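Containing compact mmCIF, C-alpha atoms: structure-v4.txt.
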# COMPACT_ATOMS: atom_id res chain seq x y z
CA MET A 10 -1.12 -28.56 -39.17
CA ARG A 11 0.51 -25.36 -40.40
CA TYR A 12 2.13 -23.05 -37.86
CA GLY A 13 1.96 -19.27 -38.14
CA PHE A 14 3.88 -16.27 -36.86
CA THR A 15 3.17 -14.08 -33.85
CA THR A 16 2.33 -10.39 -33.79
CA GLY A 17 5.83 -9.97 -32.35
CA SER A 18 7.39 -11.57 -35.44
CA CYS A 19 5.26 -9.38 -37.72
CA ALA A 20 6.30 -6.24 -35.84
CA ALA A 21 9.98 -7.21 -35.96
CA ALA A 22 9.83 -7.94 -39.70
CA ALA A 23 8.03 -4.66 -40.46
CA ALA A 24 10.48 -2.69 -38.30
CA LYS A 25 13.50 -4.29 -39.95
CA ALA A 26 12.17 -3.53 -43.42
CA ALA A 27 11.22 0.06 -42.58
CA ALA A 28 14.65 0.66 -41.02
CA TYR A 29 16.34 -0.73 -44.13
CA MET A 30 14.32 1.48 -46.47
CA LEU A 31 14.90 4.59 -44.34
CA LEU A 32 18.65 4.08 -44.02
CA THR A 33 19.33 3.00 -47.61
CA GLY A 34 16.65 4.75 -49.63
CA LEU A 35 16.03 1.42 -51.35
CA LYS A 36 12.59 -0.16 -51.54
CA LYS A 37 12.01 -3.73 -50.38
CA THR A 38 8.97 -5.90 -50.98
CA GLU A 39 9.88 -8.70 -48.59
CA ILE A 40 12.18 -9.25 -45.62
CA THR A 41 13.48 -12.22 -43.63
CA ILE A 42 13.95 -12.43 -39.88
CA GLU A 43 14.95 -15.26 -37.55
CA THR A 44 12.43 -16.07 -34.83
CA PRO A 45 13.56 -17.02 -31.30
CA LYS A 46 12.54 -20.58 -32.20
CA GLY A 47 15.23 -20.51 -34.91
CA ILE A 48 12.71 -20.66 -37.76
CA LEU A 49 13.12 -18.08 -40.53
CA TYR A 50 10.16 -15.87 -41.35
CA ASN A 51 10.03 -14.46 -44.87
CA ALA A 52 7.44 -11.68 -44.71
CA LYS A 53 5.84 -9.80 -47.59
CA LEU A 54 5.67 -6.04 -47.10
CA LEU A 55 2.49 -4.02 -47.62
CA ASP A 56 1.53 -0.34 -47.77
CA ILE A 57 5.12 0.88 -48.11
CA LYS A 58 5.70 4.60 -47.52
CA CYS A 59 9.06 6.33 -47.55
CA SER A 60 10.36 9.86 -47.15
CA GLU A 61 13.70 11.42 -46.27
CA ASN A 62 13.11 11.23 -42.53
CA GLU A 63 10.84 8.22 -42.02
CA ALA A 64 9.69 4.96 -43.56
CA SER A 65 6.80 2.65 -42.78
CA CYS A 66 5.31 -0.64 -43.96
CA ALA A 67 2.98 -3.39 -42.80
CA VAL A 68 3.12 -7.16 -42.46
CA GLU A 69 -0.07 -9.22 -42.52
CA LYS A 70 -0.45 -11.51 -39.51
CA ASP A 71 -0.57 -15.18 -40.52
CA GLY A 72 -1.72 -17.36 -37.65
CA GLY A 73 -1.34 -20.58 -39.62
CA ASP A 74 -4.03 -23.12 -38.75
CA ASP A 75 -4.61 -21.60 -35.33
CA PRO A 76 -7.99 -19.81 -35.02
CA ASP A 77 -6.35 -16.56 -33.93
CA ILE A 78 -8.54 -13.43 -34.12
CA THR A 79 -5.53 -11.37 -35.22
CA THR A 80 -4.96 -13.47 -38.36
CA GLY A 81 -5.21 -11.20 -41.39
CA THR A 82 -4.52 -8.06 -39.35
CA TRP A 83 -1.88 -5.66 -40.66
CA ILE A 84 0.91 -4.93 -38.18
CA TYR A 85 2.66 -1.64 -39.02
CA ALA A 86 6.10 -0.31 -38.14
CA LYS A 87 7.24 3.25 -38.72
CA VAL A 88 10.93 4.09 -38.31
CA LEU A 89 12.21 7.65 -37.80
CA TYR A 90 15.44 9.28 -36.74
CA ALA A 91 15.38 9.68 -32.99
CA GLU A 92 17.48 12.84 -33.11
CA GLU A 93 17.10 16.00 -35.14
CA ARG A 94 20.59 15.73 -36.64
CA LEU A 95 20.73 14.74 -40.28
CA LYS A 96 21.34 11.09 -40.97
CA GLU A 97 24.54 11.92 -42.87
CA LYS A 98 26.14 12.74 -39.53
CA HIS A 99 25.52 9.26 -38.24
CA PHE A 100 26.76 6.91 -40.89
CA GLN A 101 28.81 6.50 -44.02
CA PRO A 102 27.08 4.44 -46.74
CA ILE A 103 28.89 1.21 -47.61
CA ASP A 104 28.67 -1.28 -50.43
CA LEU A 105 25.49 -3.21 -49.57
CA SER A 106 26.75 -6.18 -51.57
CA ALA A 107 29.59 -6.59 -49.09
CA ARG A 108 29.19 -9.03 -46.27
CA CYS A 109 27.96 -7.48 -43.03
CA ASN A 110 30.36 -7.75 -40.14
CA ALA A 111 28.03 -8.86 -37.34
CA GLN A 112 30.63 -7.93 -34.75
CA MET A 113 30.89 -4.30 -35.88
CA ASP A 114 31.11 -1.93 -32.92
CA ILE A 115 28.04 0.23 -32.35
CA ASN A 116 28.19 3.64 -30.77
CA ALA A 117 27.44 3.15 -27.07
CA LYS A 118 24.91 5.98 -27.22
CA GLN A 119 22.89 4.32 -29.95
CA GLU A 120 19.30 3.64 -28.92
CA ILE A 121 16.44 1.79 -30.52
CA ILE A 122 13.36 3.40 -28.96
CA ILE A 123 10.24 1.26 -29.31
CA GLU A 124 6.79 2.82 -28.89
CA GLY A 125 3.19 1.82 -29.40
CA GLY A 126 0.94 3.70 -31.80
CA THR A 127 -2.68 3.40 -32.86
CA GLY A 128 -4.29 0.07 -31.94
CA VAL A 129 -1.52 -1.09 -29.62
CA GLY A 130 -2.77 -1.38 -26.04
CA ARG A 131 -1.36 0.46 -23.05
CA VAL A 132 -0.78 -1.14 -19.65
CA THR A 133 -2.84 0.33 -16.78
CA LYS A 134 -2.43 -2.37 -14.09
CA PRO A 135 0.69 -3.85 -12.45
CA GLY A 136 1.81 -7.46 -12.76
CA LEU A 137 2.04 -7.66 -16.54
CA ASP A 138 5.06 -8.11 -18.80
CA GLN A 139 5.45 -4.33 -19.15
CA PRO A 140 5.20 -1.67 -16.42
CA VAL A 141 2.15 0.56 -16.05
CA GLY A 142 2.14 3.27 -18.72
CA ASN A 143 4.10 1.31 -21.31
CA ALA A 144 2.77 0.14 -24.64
CA ALA A 145 1.72 -3.52 -24.48
CA ILE A 146 4.67 -4.70 -26.55
CA ASN A 147 6.09 -7.58 -24.58
CA ARG A 148 9.73 -8.15 -23.71
CA VAL A 149 10.54 -10.81 -26.34
CA PRO A 150 8.97 -8.87 -29.26
CA ARG A 151 10.91 -5.78 -28.10
CA GLU A 152 14.12 -7.81 -28.15
CA MET A 153 13.27 -9.16 -31.60
CA ILE A 154 12.59 -5.67 -32.97
CA LYS A 155 15.82 -4.29 -31.52
CA LYS A 156 17.88 -7.23 -32.79
CA GLU A 157 16.56 -6.98 -36.35
CA VAL A 158 16.86 -3.19 -36.55
CA LEU A 159 20.40 -3.24 -35.17
CA GLU A 160 21.30 -5.80 -37.82
CA VAL A 161 20.29 -3.25 -40.46
CA CYS A 162 22.26 -0.53 -38.65
CA ARG A 163 25.39 -2.69 -38.74
CA LEU A 164 24.83 -3.45 -42.41
CA VAL A 165 24.90 0.22 -43.39
CA ASP A 166 27.27 1.36 -40.62
CA TYR A 167 24.63 3.58 -39.03
CA LYS A 168 25.51 4.52 -35.45
CA GLY A 169 22.73 6.91 -34.52
CA SER A 170 19.47 6.24 -32.73
CA LEU A 171 16.13 5.28 -34.22
CA ARG A 172 12.55 5.51 -33.04
CA ILE A 173 10.23 2.60 -33.87
CA GLU A 174 6.46 2.98 -33.68
CA ILE A 175 4.35 -0.18 -33.89
CA SER A 176 0.68 0.26 -34.74
CA VAL A 177 -2.33 -1.92 -35.56
CA PRO A 178 -5.16 0.08 -37.19
CA GLU A 179 -7.74 -2.60 -36.30
CA GLY A 180 -6.31 -3.12 -32.83
CA GLU A 181 -8.77 -1.08 -30.80
CA LYS A 182 -11.71 -3.01 -32.22
CA LEU A 183 -9.98 -6.39 -31.88
CA CYS A 184 -9.09 -5.63 -28.27
CA GLU A 185 -12.71 -6.16 -27.25
CA ARG A 186 -12.42 -9.83 -28.26
CA THR A 187 -9.26 -10.49 -26.25
CA PHE A 188 -8.33 -10.83 -22.57
CA ASN A 189 -6.83 -7.32 -22.60
CA PRO A 190 -9.77 -5.49 -20.97
CA ARG A 191 -9.68 -8.00 -18.09
CA LEU A 192 -5.95 -7.53 -17.71
CA GLY A 193 -6.09 -3.75 -17.69
CA ILE A 194 -4.66 -3.22 -21.17
CA VAL A 195 -6.64 -0.50 -22.90
CA GLY A 196 -6.85 0.94 -26.39
CA GLY A 197 -5.67 -2.00 -28.46
CA ILE A 198 -4.14 -5.45 -28.72
CA SER A 199 -0.82 -6.63 -27.33
CA ILE A 200 2.27 -7.43 -29.38
CA LEU A 201 3.07 -10.92 -28.13
CA GLY A 202 5.10 -14.05 -28.62
CA THR A 203 7.93 -15.86 -26.88
CA SER A 204 8.97 -18.19 -29.70
CA GLY A 205 7.88 -16.04 -32.65
CA ILE A 206 5.78 -18.99 -33.83
CA VAL A 207 2.04 -19.62 -33.47
CA GLU A 208 1.41 -23.32 -32.91
CA PRO A 209 -2.11 -24.45 -33.86
CA MET A 210 -4.46 -24.69 -30.87
CA SER A 211 -1.55 -23.93 -28.57
CA SER A 212 -2.19 -25.03 -25.00
CA GLN A 213 0.84 -23.05 -23.96
CA ALA A 214 -0.81 -19.80 -25.06
CA LEU A 215 -3.75 -20.48 -22.72
CA ILE A 216 -1.45 -21.44 -19.85
CA ASP A 217 0.58 -18.26 -20.37
CA THR A 218 -2.62 -16.21 -20.11
CA ILE A 219 -3.60 -17.95 -16.86
CA ARG A 220 -0.13 -17.28 -15.47
CA VAL A 221 -0.41 -13.58 -16.35
CA GLU A 222 -3.78 -13.25 -14.59
CA LEU A 223 -2.52 -15.05 -11.48
CA ARG A 224 0.69 -13.02 -11.34
CA GLN A 225 -1.20 -9.77 -11.77
CA ARG A 226 -3.47 -10.61 -8.86
CA ARG A 227 -0.53 -11.64 -6.67
CA VAL A 228 1.31 -8.39 -7.43
CA LEU A 229 -1.77 -6.49 -6.26
CA GLY A 230 -1.22 -8.09 -2.85
CA PHE A 231 -3.89 -10.81 -2.79
CA ASP A 232 -2.97 -14.23 -1.35
CA TYR A 233 -6.31 -15.78 -2.34
CA VAL A 234 -7.84 -16.29 -5.78
CA ALA A 235 -11.19 -17.37 -7.23
CA VAL A 236 -10.91 -19.42 -10.41
CA SER A 237 -13.34 -21.02 -12.83
CA PRO A 238 -12.91 -23.16 -15.95
CA GLY A 239 -14.97 -20.85 -18.13
CA ASN A 240 -17.44 -18.05 -18.63
CA TYR A 241 -20.36 -20.05 -17.19
CA GLY A 242 -18.63 -20.26 -13.83
CA LEU A 243 -17.68 -16.60 -13.82
CA GLU A 244 -21.21 -15.58 -14.76
CA PHE A 245 -22.61 -17.84 -12.04
CA MET A 246 -20.36 -16.14 -9.49
CA ARG A 247 -21.53 -12.72 -10.63
CA LYS A 248 -25.24 -13.49 -10.66
CA THR A 249 -25.36 -15.61 -7.52
CA TYR A 250 -22.83 -13.94 -5.25
CA GLY A 251 -22.32 -10.53 -6.85
CA TYR A 252 -18.64 -11.25 -7.47
CA ASP A 253 -17.37 -9.40 -10.55
CA LEU A 254 -15.96 -11.78 -13.16
CA ASP A 255 -13.17 -9.29 -13.88
CA LYS A 256 -11.68 -10.18 -10.49
CA SER A 257 -11.66 -13.93 -11.20
CA VAL A 258 -9.22 -16.05 -13.17
CA LYS A 259 -10.44 -18.27 -16.01
CA CYS A 260 -8.41 -21.49 -15.89
CA SER A 261 -9.98 -23.30 -18.87
CA ASN A 262 -9.32 -27.06 -18.63
CA PHE A 263 -5.96 -26.59 -16.90
CA ILE A 264 -7.07 -26.93 -13.29
CA GLY A 265 -3.98 -28.83 -12.14
CA THR A 266 -1.58 -26.48 -13.87
CA THR A 267 -3.42 -23.48 -12.40
CA ILE A 268 -3.04 -24.97 -8.91
CA ASP A 269 0.69 -25.53 -9.57
CA MET A 270 1.20 -21.92 -10.63
CA ALA A 271 -0.85 -20.54 -7.74
CA VAL A 272 1.25 -22.49 -5.22
CA GLU A 273 4.45 -21.36 -6.93
CA MET A 274 3.35 -17.72 -6.64
CA GLY A 275 2.52 -18.04 -2.97
CA PHE A 276 -1.28 -18.04 -2.94
CA GLN A 277 -2.68 -19.39 0.32
CA LYS A 278 -6.28 -20.09 -0.71
CA MET A 279 -8.16 -20.93 -3.90
CA LEU A 280 -11.88 -21.15 -4.65
CA LEU A 281 -12.85 -23.23 -7.69
CA THR A 282 -16.34 -22.59 -9.09
CA GLY A 283 -17.64 -24.55 -12.03
CA HIS A 284 -20.31 -26.51 -13.79
CA ILE A 285 -20.74 -30.08 -12.59
CA GLY A 286 -19.92 -31.30 -16.09
CA LYS A 287 -16.32 -30.06 -15.68
CA LEU A 288 -15.72 -30.40 -11.98
CA ILE A 289 -17.03 -33.95 -11.60
CA LYS A 290 -13.82 -34.99 -13.35
CA VAL A 291 -11.73 -33.31 -10.66
CA ALA A 292 -13.60 -35.45 -8.10
CA GLY A 293 -11.90 -38.38 -9.82
CA GLY A 294 -8.45 -36.80 -9.62
CA ILE A 295 -8.48 -35.64 -13.25
CA MET A 296 -6.67 -32.30 -13.45
CA ASN A 297 -7.04 -31.59 -17.18
CA THR A 298 -10.77 -31.63 -17.85
CA HIS A 299 -10.62 -31.56 -21.66
CA SER A 300 -12.76 -34.31 -23.15
CA LYS A 301 -9.76 -35.60 -25.10
CA GLU A 302 -7.92 -36.19 -21.83
CA ALA A 303 -10.70 -37.97 -19.97
CA ASP A 304 -14.48 -38.32 -19.97
CA CYS A 305 -15.76 -40.39 -17.05
CA ARG A 306 -18.52 -38.05 -15.93
CA MET A 307 -21.30 -40.63 -15.77
CA GLU A 308 -19.08 -43.27 -14.20
CA LEU A 309 -18.07 -40.88 -11.40
CA LEU A 310 -21.64 -39.69 -10.82
CA ALA A 311 -22.73 -43.32 -10.70
CA ALA A 312 -19.96 -44.20 -8.23
CA PHE A 313 -20.91 -41.40 -5.83
CA SER A 314 -24.56 -42.45 -6.19
CA VAL A 315 -23.71 -46.03 -5.25
CA LYS A 316 -21.92 -44.75 -2.16
CA GLU A 317 -25.17 -43.02 -1.12
CA GLN A 318 -27.05 -46.30 -1.73
CA ILE A 319 -29.14 -45.07 -4.63
CA GLU A 320 -31.12 -47.89 -6.24
CA PRO A 321 -29.19 -49.98 -8.83
CA LEU A 322 -31.80 -49.27 -11.52
CA GLN A 323 -31.29 -45.52 -11.09
CA VAL A 324 -27.50 -45.96 -11.13
CA ARG A 325 -27.86 -47.80 -14.43
CA ARG A 326 -29.93 -44.91 -15.80
CA ILE A 327 -27.17 -42.48 -14.76
CA LEU A 328 -24.62 -44.52 -16.71
CA GLU A 329 -26.83 -44.31 -19.80
CA CYS A 330 -27.21 -40.51 -19.61
CA VAL A 331 -25.55 -38.31 -22.23
CA THR A 332 -25.31 -35.08 -20.23
CA THR A 333 -24.62 -34.36 -16.57
CA GLU A 334 -27.80 -32.26 -16.39
CA GLU A 335 -29.78 -35.38 -17.34
CA ALA A 336 -27.89 -37.47 -14.78
CA ILE A 337 -28.58 -34.93 -12.03
CA SER A 338 -32.31 -35.18 -12.71
CA VAL A 339 -32.07 -38.95 -12.12
CA ILE A 340 -30.17 -38.41 -8.86
CA GLU A 341 -32.77 -35.87 -7.77
CA GLU A 342 -35.51 -38.46 -8.25
CA SER A 343 -33.77 -40.57 -5.61
CA GLY A 344 -34.08 -37.77 -3.06
CA LYS A 345 -30.35 -37.84 -2.41
CA LEU A 346 -29.05 -35.10 -4.71
CA GLN A 347 -27.70 -32.97 -1.87
CA GLN A 348 -25.81 -35.87 -0.26
CA VAL A 349 -24.23 -36.93 -3.55
CA MET A 350 -23.17 -33.40 -4.47
CA GLU A 351 -21.70 -32.71 -1.03
CA GLN A 352 -19.57 -35.84 -1.35
CA ILE A 353 -18.40 -34.70 -4.77
CA ALA A 354 -17.48 -31.23 -3.47
CA GLU A 355 -15.52 -32.78 -0.62
CA ARG A 356 -13.64 -35.07 -2.99
CA ILE A 357 -12.83 -32.19 -5.37
CA CYS A 358 -11.18 -30.30 -2.51
CA TYR A 359 -9.29 -33.44 -1.51
CA TYR A 360 -7.70 -33.78 -4.95
CA MET A 361 -7.03 -30.06 -5.28
CA GLU A 362 -5.20 -29.94 -1.96
CA ASN A 363 -3.36 -33.11 -2.86
CA ARG A 364 -2.18 -31.42 -6.08
CA ALA A 365 -1.14 -28.37 -4.05
CA GLY A 366 0.95 -30.57 -1.78
CA GLY A 367 -0.84 -29.23 1.27
CA LYS A 368 0.55 -25.75 0.62
CA MET A 369 -2.78 -24.13 -0.26
CA LYS A 370 -6.29 -24.36 1.22
CA THR A 371 -8.95 -25.03 -1.39
CA ASP A 372 -12.73 -24.75 -1.62
CA CYS A 373 -15.23 -25.34 -4.40
CA ILE A 374 -18.74 -24.50 -5.52
CA LEU A 375 -20.68 -26.72 -7.94
CA PHE A 376 -23.62 -25.62 -10.05
CA SER A 377 -25.72 -26.73 -13.00
CA ASN A 378 -27.60 -24.68 -15.53
CA GLU A 379 -30.98 -26.08 -14.48
CA TYR A 380 -30.55 -26.56 -10.73
CA GLY A 381 -28.26 -23.63 -9.88
CA GLU A 382 -25.99 -24.22 -6.89
CA LEU A 383 -25.61 -27.94 -6.24
CA ALA A 384 -23.09 -27.92 -3.39
CA LYS A 385 -20.25 -26.01 -1.83
CA SER A 386 -17.40 -27.09 0.40
CA LYS A 387 -17.44 -26.34 4.12
CA GLY A 388 -15.10 -23.36 3.82
CA ALA A 389 -16.90 -21.74 0.89
CA GLU A 390 -19.00 -19.49 3.15
CA GLU A 391 -15.83 -17.68 4.27
CA TRP A 392 -15.21 -16.75 0.65
CA PHE A 393 -18.40 -14.72 0.47
CA ILE A 394 -17.00 -12.41 3.13
CA LEU A 395 -13.64 -12.12 1.36
CA LEU A 396 -15.19 -11.56 -2.05
CA GLY A 397 -17.73 -9.14 -0.68
CA GLN A 398 -15.03 -7.03 0.97
CA GLU A 399 -13.01 -6.98 -2.21
CA GLN A 400 -16.04 -6.02 -4.27
CA VAL A 401 -16.49 -2.75 -2.38
CA GLN A 402 -12.81 -1.77 -2.49

Structure re-expressed in structure tokens:
Amino acid sequence: MRYGFTTGSCAAAAAKAAAYMLLTGLKKTEITIETPKGILYNAKLLDIKCSENEASCAVEKDGGDDPDITTGTWIYAKVLYAEERLKEKHFQPIDLSARCNAQMDINAKQEIIIEGGTGVGRVTKPGLDQPVGNAAINRVPREMIKKEVLEVCRLVDYKGSLRIEISVPEGEKLCERTFNPRLGIVGGISILGTSGIVEPMSSQALIDTIRVELRQRRVLGFDYVAVSPGNYGLEFMRKTYGYDLDKSVKCSNFIGTTIDMAVEMGFQKMLLTGHIGKLIKVAGGIMNTHSKEADCRMELLAAFSVKEQIEPLQVRRILECVTTEEAISVIEESGKLQQVMEQIAERICYYMENRAGGKMKTDCILFSNEYGELAKSKGAEEWFILLGQEQVQ
């Protein structure tokens, strides 16, 4: 599958090109940067605008074969002189055909000031990559932008300061389809990327998002966290217990990894809420619930049913079911649905605490679309007090 390039790489490429055109007066139609991964990115430049005191251009985001909502978006960079002095006071033009001396000394006062413009989000909550008030341009993209712009400065022997403004005209609209509103980033998308490369269907991108949400909650002073694999669990929490989904963490299929990160950050308690179709796997010790990793839902439901002495014919019917909702209806016919589900909830907590190495107390709540709440662990009731208190804060 074809990889793509991050919004951070696009911003760095656009900034480098705009800086070059401002400082040389020469137009460019493409530019090359080196990503942190070591892969070169040759970007085509769009919507080029130049004047004596500023230059701007755009790079179209190419997410490769990853279904990234920002693919096709234009990432703009505008470069201006940071000081009012004329550029002639800062540098002496050199022969651009000459080899650039990468070790050329730069004036210690030289600054590359990076700001966010239209469509770039602004941080309003602590615990994120950037402090509250900053544009949501993460640390690595900022380093990439600075590195590429300073390379141009060395090339033309420019020793003054520059101001870089990154903007995404479609960013405010795209923001609504990202995690940014949940994270407290308002007004646009984030400029992201640690490797500069977008890997198709990147699991790491999801894990990074989970880590950010956990860290943000820990920074706010909470030592407990409610998590759920997906939107169904978060919506169930909101409707059933009045717990706002914005205060929960969506862990996707990465339940084990989420537990690892929570322990690492010092959380003391975790509540896992989810559909039986996902969480039944955890009752078997499976910590990545993606169907490609494991799918033994019916086998596990059948095993717990056997333990509760459900009739063999009904157990066989469970094994032949296609969905967990269908299997639950069979278990209900036996009159032992509550007993089976309570066993499953207990076993889920066992494996979660085993993964946490005994360093974190865990509870769980199971539900189904048709039957609603199926079971909850013994300590789950205490969570309603905690979550209720937090809700009114």

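Taking CA of Lys37 (chain A) as the reference point, CA of Thr15 (chain A) is found at 21.4 Å.
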
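In this structure, CA of Thr332 (chain A) sits 7.8 Å away from CA of Gly286 (chain A).
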
Could you give me the centre and size, in Å to one decimal, of an axis-aligned box around all listed atoms of region 335-350 of chain A with 6 Å added on every side, as JSON?
{"center_x": -29.3, "center_y": -36.8, "center_z": -8.8, "size_x": 24.3, "size_y": 19.6, "size_z": 29.1}

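Counting all atoms listed in the file, the residue from A:Lys58, A:Arg151, A:Lys87, A:Lys387 that sits nearest to Ala28 (chain A) is A:Lys87.
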
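Note that the spacing between CA of Ser60 (chain A) and CA of Lys25 (chain A) amounts to 16.2 Å.
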
Sphere at (-15.5, -26.5, -5.3), radius 10 Å, counting all atoms listed in the file: residues as an mmCIF file with C-alpha atoms, in the coordinates of the input:
data_model
loop_
_atom_site.group_PDB
_atom_site.id
_atom_site.type_symbol
_atom_site.label_atom_id
_atom_site.label_comp_id
_atom_site.auth_asym_id
_atom_site.auth_seq_id
_atom_site.Cartn_x
_atom_site.Cartn_y
_atom_site.Cartn_z
ATOM 1 C CA VAL A 236 -10.910 -19.420 -10.410
ATOM 2 C CA SER A 237 -13.340 -21.020 -12.830
ATOM 3 C CA MET A 279 -8.160 -20.930 -3.900
ATOM 4 C CA LEU A 280 -11.880 -21.150 -4.650
ATOM 5 C CA LEU A 281 -12.850 -23.230 -7.690
ATOM 6 C CA THR A 282 -16.340 -22.590 -9.090
ATOM 7 C CA GLY A 283 -17.640 -24.550 -12.030
ATOM 8 C CA HIS A 284 -20.310 -26.510 -13.790
ATOM 9 C CA ILE A 285 -20.740 -30.080 -12.590
ATOM 10 C CA LEU A 288 -15.720 -30.400 -11.980
ATOM 11 C CA ILE A 289 -17.030 -33.950 -11.600
ATOM 12 C CA VAL A 291 -11.730 -33.310 -10.660
ATOM 13 C CA ALA A 292 -13.600 -35.450 -8.100
ATOM 14 C CA GLU A 351 -21.700 -32.710 -1.030
ATOM 15 C CA ILE A 353 -18.400 -34.700 -4.770
ATOM 16 C CA ALA A 354 -17.480 -31.230 -3.470
ATOM 17 C CA GLU A 355 -15.520 -32.780 -0.620
ATOM 18 C CA ARG A 356 -13.640 -35.070 -2.990
ATOM 19 C CA ILE A 357 -12.830 -32.190 -5.370
ATOM 20 C CA CYS A 358 -11.180 -30.300 -2.510
ATOM 21 C CA MET A 361 -7.030 -30.060 -5.280
ATOM 22 C CA THR A 371 -8.950 -25.030 -1.390
ATOM 23 C CA ASP A 372 -12.730 -24.750 -1.620
ATOM 24 C CA CYS A 373 -15.230 -25.340 -4.400
ATOM 25 C CA ILE A 374 -18.740 -24.500 -5.520
ATOM 26 C CA LEU A 375 -20.680 -26.720 -7.940
ATOM 27 C CA PHE A 376 -23.620 -25.620 -10.050
ATOM 28 C CA ALA A 384 -23.090 -27.920 -3.390
ATOM 29 C CA LYS A 385 -20.250 -26.010 -1.830
ATOM 30 C CA SER A 386 -17.400 -27.090 0.400
ATOM 31 C CA LYS A 387 -17.440 -26.340 4.120
ATOM 32 C CA GLY A 388 -15.100 -23.360 3.820
ATOM 33 C CA ALA A 389 -16.900 -21.740 0.890
#

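Distances here use only C-alpha atoms; by that measure, the residue among A:Gln139, A:Leu55, A:Ala64, A:Met153 closest to Ala20 (chain A) is A:Met153.
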
Neighbours of region 305-307 of chain A within 10 Å (only C-alpha atoms; same-chain residues fewer than 3 positions away dropped), as number ranges by chain?
A: 285-293, 295, 300, 310-313, 324-333, 336-337

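Ranking A:Lys53, A:Lys278, A:Lys182, A:Arg226 by their shortest atom-to-atom distance to Leu395 (chain A), with all atoms listed in the file included, puts A:Lys278 first.
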